[in-house]
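See structure below.
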Amino acid sequence: MAITDIKEFAHLSEADMEAFGRELDAIRRDVEDSRGERDAAYIRRTIRLQRLLELGGRAVLLGSKYRPAWIAGTAMLSVAKIIENMELGHNVMHGQWDWMNDPEIHSTSWEWDQTGPSEQWKRAHNYSHHTYTNIVGMDDDIGFGILRMTRDEPWKPINLVQPLANIVLATTFEWGIALHDYDAQKQLDSEDEKGLLKSPASRAFARKIAKQVGKDFVLFPALSGPSWKSTLTANATANLVRNLWAYAVIFCGHFPDGAEKFTIGQFETETRPEWYLRQMLGSANFEAGPVMAFMSGNLCYQIEHHMFPDLPSNRYSEIAEKVHALCEKYDLPYTTGSLGKQYLLALRTIHKLSLPDSWLRATSDNAPETSSERRWRVGDSPAVHALRIDPLTGQRRGLRSAMQEARVSLRNAKKEAKRQAKALRRSGDRVRL
């Protein structure tokens with residue numbers, strides 16, 4: 001099963017947990033106390049850049065029947081939509097800029113350029129996902145209801161088609177998120193099925209769809225006159241590019257190996273330091289330079305975002321240095337890798353878990369994409385290396401050391417198995433001779 005005791009899994013004592021939590025609280029206070037004009041100038045520059053790109057793209061696409069204009073306009077519009085979705089919409093609605101008290105850049109007033117209504121997204125994402133992050137049975141973002149992403153979820157025959165479902169989800173990501181949030185909104189409101197447009201959630205959803213579809217596929221193509229067909233395809237392409245990029249960023253932050261899953265029992269007794277640790281162990285980063293970080297909404301720092309979702313995104317790089325140092329201090333893994341590597345690991349899980357459990361070798365206690373504290377137990381007791389101090393270096397030997405030792409043991413076991421298989425083949429050859 002998924003992690004039921006996060007302290008045992010992480011090889012941390014009660015005193016360790018309290019100290020760990022205090023240090024993370026201090027990081028939060030430092031950033032909150034230092035927010036100021038530099039941060040405000042950053043978000044205002046970002047808004048101006050995004051609006052100029054969208055305005056320029058829309059203007060160029062008025063002549064979209066000419067191929068160079070179509071390419072330039074589509075590229076500008078694609079970048080504008082990505083920035084609005086990732087660095088603006090997502091982060092503004094997390095309340096990262098509410099401290100400015102600017103009604104235009106506030107989580108209560110921002111409506112993003114995406115199919116789903118902002119209010120429904122905030123209820124499903126800010127509340128459900130960020131409260132119950134990676135808790136099996138409580139966080140519906142584990143696979144978004146259509147993908148099996150942990151062995152803690154029972155296999156069903158429908159899972160056989162999830163490699164195809166994954167492609168559909170990637171290309172229509174804004175619609176998938178919108179429908180996911182709409183369903184979550186109805187559940188949170190305890191609404192019964194009342195028929196189309198008969199509930200507040202349904203009416204809000206329908207209004208937003210009409211606005212988005214009307215803008216991208218009716219209004220702006222109509223303004224292009226004779227170029228309306230090429231403008232329509234440009235808008236559809238820009239939406240597709242935005243969908244694929246947002247999908248890749250989200251999956252690289254939530255589903256590579258090392259992004260752990262947790263049980264409801266862990267949550268029921270969880271302290272604030274354990275909440276921090278769950279966010280850290282349940283998330284993954286990917287390596288990015290300044291441009292890629294900006295284009296990802298700084299969600300290349302998914303670990304830091306999950307720990308501090310309402311701190312300004314432009315500060316995540318400096319927060320990441322401190323969080324990484326804490327991982328070194330407490331011998332905890334800091335899950336990161338290249339964008340390509342993280343996505344391929346997530347893709348491997350999607351394809352692997354489409355198969356029945358009887359076809360898989362590992363369990364949810366020791367699988368590469370998720371594990372539990374049972375992985376470190378000897379019988380019913382915690383493993384002997386838990387909370388150990390290296391006598392030579394005086395350094396803590398915790399979860400990261402245990403994982404490294406497990407990887408080495410696995411490699412050695414595979415080498416030994418190959419050696420024995422080779423010896424048996426040779427022995428069989430001698431017998432035949």
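Residue numbering restarts at 1 in every chain; chains get A, B, ... in the order shown in the structure tokens, and ligands count up from 1 in that same order.
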
List as an MDAnalysis selection string the protein and nucleic acid residues near region 321-330 of chain A, meaning an atom at most 9 Å away when only C-alpha atoms are counted, but skip any in the same chain fewer than 5 places from it. chainID A and resid 12 16 20 23:24 27 303:304 316 395:400

What lies within 8 Å of Ile6 (chain A) using only C-alpha atoms, ignoring chain neighbours under 3 positions off, as an MDAnalysis selection string? chainID A and resid 3 9:10 266 274 277:278 373

Restrict the calculation to only C-alpha atoms, then for each residue of region 222-272 of chain A with any atom at most 10 Å from an atom of region 132-152 of chain A give the closest atom pair and their distance in Å to one decimal, rows by chain and rising residue number, as CSV.
```
residue,atom,partner,partner_atom,distance
A:Phe251,CA,A:Gly143,CA,9.4
A:His254,CA,A:Ile142,CA,8.2
A:Phe255,CA,A:Met149,CA,7.4
A:Pro256,CA,A:Met149,CA,9.9
A:Ala259,CA,A:Asn134,CA,8.5
A:Glu260,CA,A:Asn134,CA,7.2
A:Lys261,CA,A:Asn134,CA,5.0
A:Phe262,CA,A:Ile135,CA,4.6
A:Thr263,CA,A:Ile135,CA,5.4
A:Ile264,CA,A:Ile135,CA,6.2
A:Gly265,CA,A:Ile135,CA,9.3
A:Gln266,CA,A:Ile135,CA,8.5
A:Phe267,CA,A:Ile135,CA,7.7
```

Residues from last step as file, N, CA, C and O atoms, as a PDB file, in the first residue's frame:
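This is the output file again03.pdb:
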```pdb
ATOM      1  N   PHE A 251       2.560  16.789 -15.770  1.00  0.00           N
ATOM      2  CA  PHE A 251       2.917  15.378 -15.610  1.00  0.00           C
ATOM      3  C   PHE A 251       4.354  15.220 -15.127  1.00  0.00           C
ATOM      4  O   PHE A 251       4.651  14.309 -14.349  1.00  0.00           O
ATOM      5  N   HIS A 254       4.319  15.695 -11.296  1.00  0.00           N
ATOM      6  CA  HIS A 254       3.481  14.868 -10.424  1.00  0.00           C
ATOM      7  C   HIS A 254       3.668  13.362 -10.562  1.00  0.00           C
ATOM      8  O   HIS A 254       3.339  12.627  -9.635  1.00  0.00           O
ATOM      9  N   PHE A 255       4.187  12.879 -11.696  1.00  0.00           N
ATOM     10  CA  PHE A 255       4.145  11.442 -11.934  1.00  0.00           C
ATOM     11  C   PHE A 255       5.459  10.749 -12.262  1.00  0.00           C
ATOM     12  O   PHE A 255       5.437   9.558 -12.582  1.00  0.00           O
ATOM     13  N   PRO A 256       6.634  11.411 -12.193  1.00  0.00           N
ATOM     14  CA  PRO A 256       7.866  10.634 -12.385  1.00  0.00           C
ATOM     15  C   PRO A 256       8.139   9.726 -11.189  1.00  0.00           C
ATOM     16  O   PRO A 256       7.493   9.849 -10.133  1.00  0.00           O
ATOM     17  N   ALA A 259       7.825  10.507  -7.009  1.00  0.00           N
ATOM     18  CA  ALA A 259       6.657  11.262  -6.548  1.00  0.00           C
ATOM     19  C   ALA A 259       5.742  10.278  -5.821  1.00  0.00           C
ATOM     20  O   ALA A 259       4.961   9.559  -6.447  1.00  0.00           O
ATOM     21  N   GLU A 260       5.844  10.227  -4.507  1.00  0.00           N
ATOM     22  CA  GLU A 260       5.215   9.170  -3.720  1.00  0.00           C
ATOM     23  C   GLU A 260       3.716   9.392  -3.525  1.00  0.00           C
ATOM     24  O   GLU A 260       3.197  10.489  -3.694  1.00  0.00           O
ATOM     25  N   LYS A 261       3.029   8.324  -3.136  1.00  0.00           N
ATOM     26  CA  LYS A 261       1.594   8.354  -2.844  1.00  0.00           C
ATOM     27  C   LYS A 261       1.386   8.042  -1.363  1.00  0.00           C
ATOM     28  O   LYS A 261       2.226   7.396  -0.726  1.00  0.00           O
ATOM     29  N   PHE A 262       0.233   8.440  -0.820  1.00  0.00           N
ATOM     30  CA  PHE A 262       0.005   8.342   0.615  1.00  0.00           C
ATOM     31  C   PHE A 262      -1.410   7.817   0.896  1.00  0.00           C
ATOM     32  O   PHE A 262      -2.281   7.868   0.037  1.00  0.00           O
ATOM     33  N   THR A 263      -1.615   7.337   2.115  1.00  0.00           N
ATOM     34  CA  THR A 263      -2.916   6.797   2.509  1.00  0.00           C
ATOM     35  C   THR A 263      -3.717   7.832   3.287  1.00  0.00           C
ATOM     36  O   THR A 263      -3.168   8.807   3.816  1.00  0.00           O
ATOM     37  N   ILE A 264      -5.019   7.590   3.378  1.00  0.00           N
ATOM     38  CA  ILE A 264      -5.880   8.478   4.153  1.00  0.00           C
ATOM     39  C   ILE A 264      -5.464   8.468   5.624  1.00  0.00           C
ATOM     40  O   ILE A 264      -5.515   9.498   6.307  1.00  0.00           O
ATOM     41  N   GLY A 265      -5.009   7.310   6.119  1.00  0.00           N
ATOM     42  CA  GLY A 265      -4.579   7.217   7.508  1.00  0.00           C
ATOM     43  C   GLY A 265      -3.429   8.160   7.825  1.00  0.00           C
ATOM     44  O   GLY A 265      -3.367   8.730   8.922  1.00  0.00           O
ATOM     45  N   GLN A 266      -2.508   8.331   6.890  1.00  0.00           N
ATOM     46  CA  GLN A 266      -1.403   9.260   7.085  1.00  0.00           C
ATOM     47  C   GLN A 266      -1.936  10.681   7.248  1.00  0.00           C
ATOM     48  O   GLN A 266      -1.485  11.441   8.104  1.00  0.00           O
ATOM     49  N   PHE A 267      -2.923  11.045   6.440  1.00  0.00           N
ATOM     50  CA  PHE A 267      -3.467  12.402   6.478  1.00  0.00           C
ATOM     51  C   PHE A 267      -4.218  12.678   7.780  1.00  0.00           C
ATOM     52  O   PHE A 267      -4.151  13.798   8.312  1.00  0.00           O
TER      53      PHE A 267
END
```

Which one is closest to Val161 (chain A): A:Asn412, A:Ser354, A:Ser107, A:Ala362? Count only C-alpha atoms.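 Distance minimum relative to Val161 (chain A) lands on A:Ser354.
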
Once DSSP has gone over the backbone, tell me which residues of region 67-149 of chain A are in alpha helix (DSSP H), as a VMD selection string. chain A and resid 67 to 83 91 to 92 118 to 121 130 to 131

Output of the above residues as a PDB file, in the first residue's frame, restricted to C-alpha atoms:
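See selection_29.pdb below for the written result:
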```pdb
ATOM      1  CA  ARG A  67       1.862  31.688 -44.679  1.00  0.00           C
ATOM      2  CA  PRO A  68       4.554  33.852 -42.957  1.00  0.00           C
ATOM      3  CA  ALA A  69       1.791  35.796 -41.184  1.00  0.00           C
ATOM      4  CA  TRP A  70       0.103  32.536 -40.116  1.00  0.00           C
ATOM      5  CA  ILE A  71       3.358  31.152 -38.683  1.00  0.00           C
ATOM      6  CA  ALA A  72       4.329  34.380 -36.886  1.00  0.00           C
ATOM      7  CA  GLY A  73       0.831  35.023 -35.551  1.00  0.00           C
ATOM      8  CA  THR A  74       0.367  31.435 -34.379  1.00  0.00           C
ATOM      9  CA  ALA A  75       3.757  31.432 -32.620  1.00  0.00           C
ATOM     10  CA  MET A  76       3.039  34.711 -30.807  1.00  0.00           C
ATOM     11  CA  LEU A  77      -0.435  33.590 -29.802  1.00  0.00           C
ATOM     12  CA  SER A  78       0.857  30.211 -28.587  1.00  0.00           C
ATOM     13  CA  VAL A  79       3.462  31.872 -26.345  1.00  0.00           C
ATOM     14  CA  ALA A  80       0.887  34.376 -25.073  1.00  0.00           C
ATOM     15  CA  LYS A  81      -1.539  31.588 -24.156  1.00  0.00           C
ATOM     16  CA  ILE A  82       1.198  29.607 -22.381  1.00  0.00           C
ATOM     17  CA  ILE A  83       2.298  32.616 -20.314  1.00  0.00           C
ATOM     18  CA  ASN A  91      -0.147  31.549 -10.061  1.00  0.00           C
ATOM     19  CA  VAL A  92      -2.405  34.577  -9.655  1.00  0.00           C
ATOM     20  CA  SER A 118     -11.640  30.104 -12.502  1.00  0.00           C
ATOM     21  CA  GLU A 119     -13.856  29.535  -9.467  1.00  0.00           C
ATOM     22  CA  GLN A 120     -14.330  25.857 -10.286  1.00  0.00           C
ATOM     23  CA  TRP A 121     -10.590  25.401 -10.859  1.00  0.00           C
ATOM     24  CA  HIS A 130      -3.156  21.095  -2.570  1.00  0.00           C
ATOM     25  CA  THR A 131      -4.788  19.888   0.647  1.00  0.00           C
TER      26      THR A 131
END
```

Region 220-229 of chain A surroundings by only C-alpha atoms, 9 Å radius, close-in-sequence under 2 positions cut, as JSON, numbers by chain: {"A": [58, 61, 62, 63, 64, 65, 66, 214, 215, 216, 217, 218, 231, 232, 233, 234, 235]}

Would you save the residues from that selection as a short mmCIF file (atom, residue, chain, number, x, y, z; two decimals), in the first residue's frame, using all heavy atoms?
```
data_model
loop_
_atom_site.label_atom_id
_atom_site.label_comp_id
_atom_site.auth_asym_id
_atom_site.auth_seq_id
_atom_site.Cartn_x
_atom_site.Cartn_y
_atom_site.Cartn_z
N ARG A 58 -2.76 38.47 -32.60
CA ARG A 58 -4.09 38.66 -33.18
C ARG A 58 -4.03 39.59 -34.39
O ARG A 58 -4.71 39.37 -35.41
CB ARG A 58 -5.05 39.25 -32.14
CG ARG A 58 -5.29 38.39 -30.91
CD ARG A 58 -6.08 37.15 -31.21
NE ARG A 58 -6.48 36.46 -29.98
CZ ARG A 58 -7.05 35.27 -29.94
NH1 ARG A 58 -7.27 34.62 -31.08
NH2 ARG A 58 -7.38 34.70 -28.80
N LEU A 61 -2.47 37.87 -37.40
CA LEU A 61 -3.36 36.85 -37.96
C LEU A 61 -4.51 37.43 -38.78
O LEU A 61 -5.22 36.68 -39.45
CB LEU A 61 -3.93 35.98 -36.83
CG LEU A 61 -2.94 34.98 -36.21
CD1 LEU A 61 -3.55 34.29 -35.01
CD2 LEU A 61 -2.49 33.94 -37.25
N LEU A 62 -4.67 38.75 -38.77
CA LEU A 62 -5.65 39.35 -39.67
C LEU A 62 -5.26 39.10 -41.12
O LEU A 62 -6.11 39.09 -42.00
CB LEU A 62 -5.77 40.86 -39.40
CG LEU A 62 -6.38 41.24 -38.04
CD1 LEU A 62 -6.34 42.75 -37.86
CD2 LEU A 62 -7.80 40.73 -37.90
N GLY A 63 -3.95 38.90 -41.34
CA GLY A 63 -3.47 38.55 -42.67
C GLY A 63 -3.00 37.12 -42.75
O GLY A 63 -2.04 36.80 -43.46
N SER A 64 -3.69 36.23 -42.03
CA SER A 64 -3.21 34.85 -41.87
C SER A 64 -3.30 34.02 -43.14
O SER A 64 -2.79 32.90 -43.17
CB SER A 64 -3.99 34.16 -40.75
OG SER A 64 -5.38 34.13 -41.06
N LYS A 65 -3.93 34.56 -44.21
CA LYS A 65 -3.95 33.78 -45.45
C LYS A 65 -2.56 33.69 -46.07
O LYS A 65 -2.29 32.82 -46.91
CB LYS A 65 -4.94 34.37 -46.45
CG LYS A 65 -4.58 35.75 -46.96
CD LYS A 65 -5.62 36.23 -47.97
CE LYS A 65 -5.29 37.64 -48.47
NZ LYS A 65 -6.29 38.10 -49.46
N TYR A 66 -1.64 34.59 -45.62
CA TYR A 66 -0.25 34.52 -46.06
C TYR A 66 0.52 33.66 -45.06
O TYR A 66 0.48 33.92 -43.85
CB TYR A 66 0.35 35.91 -46.15
CG TYR A 66 -0.41 36.82 -47.08
CD1 TYR A 66 -1.23 37.83 -46.57
CD2 TYR A 66 -0.32 36.66 -48.46
CE1 TYR A 66 -1.95 38.66 -47.42
CE2 TYR A 66 -1.04 37.49 -49.32
CZ TYR A 66 -1.85 38.48 -48.79
OH TYR A 66 -2.57 39.29 -49.64
N GLY A 214 -16.51 31.10 -28.44
CA GLY A 214 -16.91 32.25 -29.23
C GLY A 214 -15.74 33.16 -29.57
O GLY A 214 -15.63 33.67 -30.70
N LYS A 215 -14.86 33.36 -28.61
CA LYS A 215 -13.70 34.25 -28.83
C LYS A 215 -12.73 33.66 -29.85
O LYS A 215 -12.33 34.34 -30.81
CB LYS A 215 -12.98 34.49 -27.50
CG LYS A 215 -11.69 35.29 -27.62
CD LYS A 215 -11.11 35.60 -26.26
CE LYS A 215 -10.62 34.36 -25.55
NZ LYS A 215 -9.38 33.82 -26.18
N ASP A 216 -12.31 32.41 -29.64
CA ASP A 216 -11.27 31.81 -30.47
C ASP A 216 -11.77 31.31 -31.82
O ASP A 216 -11.02 31.32 -32.80
CB ASP A 216 -10.60 30.65 -29.73
CG ASP A 216 -9.55 31.14 -28.74
OD1 ASP A 216 -9.11 32.29 -28.86
OD2 ASP A 216 -9.19 30.36 -27.83
N PHE A 217 -13.02 30.87 -31.89
CA PHE A 217 -13.47 30.19 -33.10
C PHE A 217 -14.62 30.89 -33.83
O PHE A 217 -15.08 30.42 -34.86
CB PHE A 217 -13.87 28.75 -32.76
CG PHE A 217 -12.73 27.98 -32.17
CD1 PHE A 217 -12.75 27.58 -30.84
CD2 PHE A 217 -11.61 27.67 -32.93
CE1 PHE A 217 -11.69 26.88 -30.28
CE2 PHE A 217 -10.56 26.97 -32.39
CZ PHE A 217 -10.59 26.57 -31.06
N VAL A 218 -15.07 32.04 -33.28
CA VAL A 218 -16.10 32.82 -33.97
C VAL A 218 -15.65 34.27 -34.15
O VAL A 218 -15.52 34.76 -35.27
CB VAL A 218 -17.45 32.77 -33.22
CG1 VAL A 218 -18.49 33.63 -33.95
CG2 VAL A 218 -17.94 31.34 -33.08
N THR A 231 -7.22 31.85 -39.84
CA THR A 231 -7.19 32.36 -38.47
C THR A 231 -7.78 31.34 -37.51
O THR A 231 -7.27 31.14 -36.39
CB THR A 231 -7.97 33.68 -38.37
OG1 THR A 231 -7.32 34.66 -39.19
CG2 THR A 231 -8.00 34.19 -36.93
N LEU A 232 -8.84 30.67 -37.92
CA LEU A 232 -9.44 29.64 -37.08
C LEU A 232 -8.45 28.51 -36.82
O LEU A 232 -8.29 28.05 -35.67
CB LEU A 232 -10.70 29.11 -37.75
CG LEU A 232 -11.59 28.17 -36.92
CD1 LEU A 232 -13.04 28.33 -37.32
CD2 LEU A 232 -11.19 26.70 -37.09
N THR A 233 -7.73 28.05 -37.86
CA THR A 233 -6.74 26.99 -37.66
C THR A 233 -5.58 27.48 -36.80
O THR A 233 -5.01 26.70 -36.02
CB THR A 233 -6.21 26.47 -39.00
OG1 THR A 233 -5.56 27.53 -39.71
CG2 THR A 233 -7.32 25.90 -39.85
N ALA A 234 -5.22 28.76 -36.92
CA ALA A 234 -4.15 29.31 -36.08
C ALA A 234 -4.55 29.30 -34.62
O ALA A 234 -3.76 28.94 -33.74
CB ALA A 234 -3.82 30.73 -36.54
N ASN A 235 -5.78 29.70 -34.33
CA ASN A 235 -6.27 29.69 -32.94
C ASN A 235 -6.31 28.27 -32.39
O ASN A 235 -5.94 28.02 -31.23
CB ASN A 235 -7.67 30.31 -32.88
CG ASN A 235 -7.64 31.81 -33.08
OD1 ASN A 235 -6.60 32.44 -32.94
ND2 ASN A 235 -8.78 32.39 -33.40
#
```

Taking only C-alpha atoms into account, name the residue in A:Met292, A:Leu281, A:Ala124, A:Leu244 that is nearest to Gln187 (chain A).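 Of A:Met292, A:Leu281, A:Ala124, A:Leu244, the one nearest Gln187 (chain A), counting only C-alpha atoms, is A:Ala124.
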
With only C-alpha atoms as the counted atoms, please give the residues lying no more than 9 Å from Thr46 (chain A), apart from itself and same-chain residues fewer than 6 positions off, as a count of residues only. 4

Compile the contact shell of Asn314 (chain A) as a list in words: residues with an atom at most 8 Å away, counting only C-alpha atoms, same-chain residues fewer than 5 positions apart removed.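 Those residues are Asp39, Tyr42 and Asn298 of chain A.
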
May I have the residues from that selection written out with N, CA, C and O atoms, as a PDB file, in the first residue's frame?
```
ATOM      1  N   ASP A  39       9.160  42.363  -6.773  1.00  0.00           N
ATOM      2  CA  ASP A  39       8.216  41.309  -7.141  1.00  0.00           C
ATOM      3  C   ASP A  39       7.013  41.882  -7.881  1.00  0.00           C
ATOM      4  O   ASP A  39       6.546  41.305  -8.876  1.00  0.00           O
ATOM      5  N   TYR A  42       7.860  42.623 -11.369  1.00  0.00           N
ATOM      6  CA  TYR A  42       7.971  41.394 -12.171  1.00  0.00           C
ATOM      7  C   TYR A  42       6.622  40.964 -12.719  1.00  0.00           C
ATOM      8  O   TYR A  42       6.489  40.682 -13.918  1.00  0.00           O
ATOM      9  N   ASN A 298       7.198  28.666 -13.618  1.00  0.00           N
ATOM     10  CA  ASN A 298       8.104  28.273 -12.538  1.00  0.00           C
ATOM     11  C   ASN A 298       7.672  26.975 -11.861  1.00  0.00           C
ATOM     12  O   ASN A 298       8.068  26.684 -10.726  1.00  0.00           O
TER      13      ASN A 298
END
```

Looking at A:Ser313, A:Ser427, A:Thr108, A:Gln96, which one is nearest to Ser296 (chain A), with distances taken over only C-alpha atoms?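 For Ser296 (chain A), the nearest of the candidates is A:Ser313.
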
Considering only C-alpha atoms, return as a VMD selection string whatever protein or nucleic-acid residues lie within 7 Å of Phe286 (chain A), sequence-local ones (same chain, fewer than 6 positions apart) excluded. chain A and resid 252 300 336 to 339 342

Taking only region 336-371 of chain A into account, list the residues labelled strand (DSSP E) by DSSP (computed from the backbone), as a PyMOL selection string. chain A and resi 366-367+370-371

Just C-alpha atoms for this one: save the residues we selected as a PDB file, in the first residue's frame.
```
ATOM      1  CA  ASN A 366       8.628  -1.139  -3.740  1.00  0.00           C
ATOM      2  CA  ALA A 367       7.660  -0.061  -7.267  1.00  0.00           C
ATOM      3  CA  THR A 370       5.725   4.691  -5.717  1.00  0.00           C
ATOM      4  CA  SER A 371       6.661   2.887  -2.512  1.00  0.00           C
TER       5      SER A 371
END
```
